[in-house]
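Note sheet for the following structure.
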Amino acid sequence: MVNSTRTPKQAPASTTALSVDQLYQTAFYNGRTPRSQEYKAGARMALEHRIERKDFDMPYQVGTAAADAFFAGIEEGKTIWRAAAAKIGGAV
């Protein structure tokens, strides 16, 4: 019997098939309620963090509306990733 030593926050190996660009484009399709560039940047950063293992970089001053939008986008990015990973059988 083989033991798996994957930590809960580590992406399952099967998520390598997920593409940041594909998930981002699907989420922010033409005709969707518009979102600010800061919001979309946060969503993209969350996807890059999960899929490509990129570190978070805070491009906005904390306490500003831009930073708030960015943080809200990060939350949507996490939701997008969880839904996509669940679709392909990943555990998150």
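The chains in the structure tokens are called A, B, ... from first to last as shown; in each chain the residues are counted from 1, and the ligands are counted from 1 in the order shown.
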Residues within 7 Å of Gly42 (chain A), please, as a list in words. Count only C-alpha atoms; anything in the same chain fewer than 4 positions from it doesn't count.
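So, after excluding close chain neighbours, the residues are Glu38, Ala46, Phe70, Phe71, Gly73 and Ile74 of chain A.
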Atoms kept (all heavy atoms) for selection, written as a tab-separated table (two decimals), in the first residue's frame:
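Okay, this is what ended up in result_9.tsv:
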chain	number	residue	atom	x	y	z
A	38	GLU	N	-8.44	45.96	-10.80
A	38	GLU	CA	-7.86	45.52	-9.53
A	38	GLU	C	-8.50	44.20	-9.07
A	38	GLU	O	-7.80	43.29	-8.61
A	38	GLU	CB	-8.05	46.60	-8.45
A	38	GLU	CG	-7.33	47.89	-8.74
A	38	GLU	CD	-8.11	48.88	-9.60
A	38	GLU	OE1	-9.23	48.56	-10.06
A	38	GLU	OE2	-7.60	49.99	-9.81
A	46	ALA	N	-4.68	34.87	-7.54
A	46	ALA	CA	-5.06	33.68	-6.78
A	46	ALA	C	-4.91	32.43	-7.63
A	46	ALA	O	-4.43	31.40	-7.16
A	46	ALA	CB	-6.49	33.82	-6.26
A	70	PHE	N	-8.89	44.28	-5.00
A	70	PHE	CA	-7.89	43.23	-5.22
A	70	PHE	C	-8.14	42.04	-4.30
A	70	PHE	O	-8.18	40.89	-4.74
A	70	PHE	CB	-6.50	43.81	-5.01
A	70	PHE	CG	-5.37	42.86	-5.24
A	70	PHE	CD1	-4.97	42.51	-6.52
A	70	PHE	CD2	-4.69	42.32	-4.16
A	70	PHE	CE1	-3.91	41.64	-6.71
A	70	PHE	CE2	-3.63	41.46	-4.35
A	70	PHE	CZ	-3.24	41.11	-5.64
A	71	PHE	N	-8.35	42.32	-3.00
A	71	PHE	CA	-8.62	41.24	-2.04
A	71	PHE	C	-9.91	40.50	-2.37
A	71	PHE	O	-9.98	39.28	-2.25
A	71	PHE	CB	-8.67	41.79	-0.61
A	71	PHE	CG	-7.34	42.22	-0.07
A	71	PHE	CD1	-7.20	43.44	0.56
A	71	PHE	CD2	-6.21	41.43	-0.19
A	71	PHE	CE1	-5.97	43.86	1.06
A	71	PHE	CE2	-4.98	41.82	0.32
A	71	PHE	CZ	-4.85	43.05	0.94
A	73	GLY	N	-11.12	40.13	-5.34
A	73	GLY	CA	-10.79	39.32	-6.50
A	73	GLY	C	-10.05	38.05	-6.13
A	73	GLY	O	-10.27	36.99	-6.70
A	74	ILE	N	-9.17	38.15	-5.13
A	74	ILE	CA	-8.47	36.96	-4.65
A	74	ILE	C	-9.48	35.92	-4.17
A	74	ILE	O	-9.35	34.73	-4.46
A	74	ILE	CB	-7.47	37.31	-3.53
A	74	ILE	CG1	-6.26	38.04	-4.13
A	74	ILE	CG2	-7.02	36.07	-2.77
A	74	ILE	CD1	-5.28	38.57	-3.09
Long-range neighbours of Met58 (chain A) as a PyMOL selection string, 9 Å cut-off, only C-alpha atoms, 2 positions minimum in chain:
chain A and resi 56+60-62+67+70
Please determine, counting only C-alpha atoms, which residue among A:Ala66, A:Ala85, A:Ala72, A:Lys78 has the shortest atom-to-atom distance to Leu47 (chain A).
A:Lys78
I'd like the interatomic distance between CA of Ala27 (chain A) and CA of Thr64 (chain A), to a tenth of an Å.
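Between these atoms lies a distance of 24.7 Å.
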Taking only C-alpha atoms into account, which of A:Glu48, A:Ala86, A:Thr33, A:Glu76 comes nearest Ser19 (chain A)?
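Among A:Glu48, A:Ala86, A:Thr33, A:Glu76, it is A:Glu48 that comes nearest to Ser19 (chain A).
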Residue with the minimum atom-to-atom distance to Ala69 (chain A), picked from A:Leu23, A:Gly31, A:Ala41, A:Ala17 with only C-alpha atoms counted, is A:Ala41
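Closest approach to Thr26 (chain A) from the set A:Ala84, A:Asp57, A:Glu75, A:Glu52 is made by A:Ala84, with distances taken over only C-alpha atoms.
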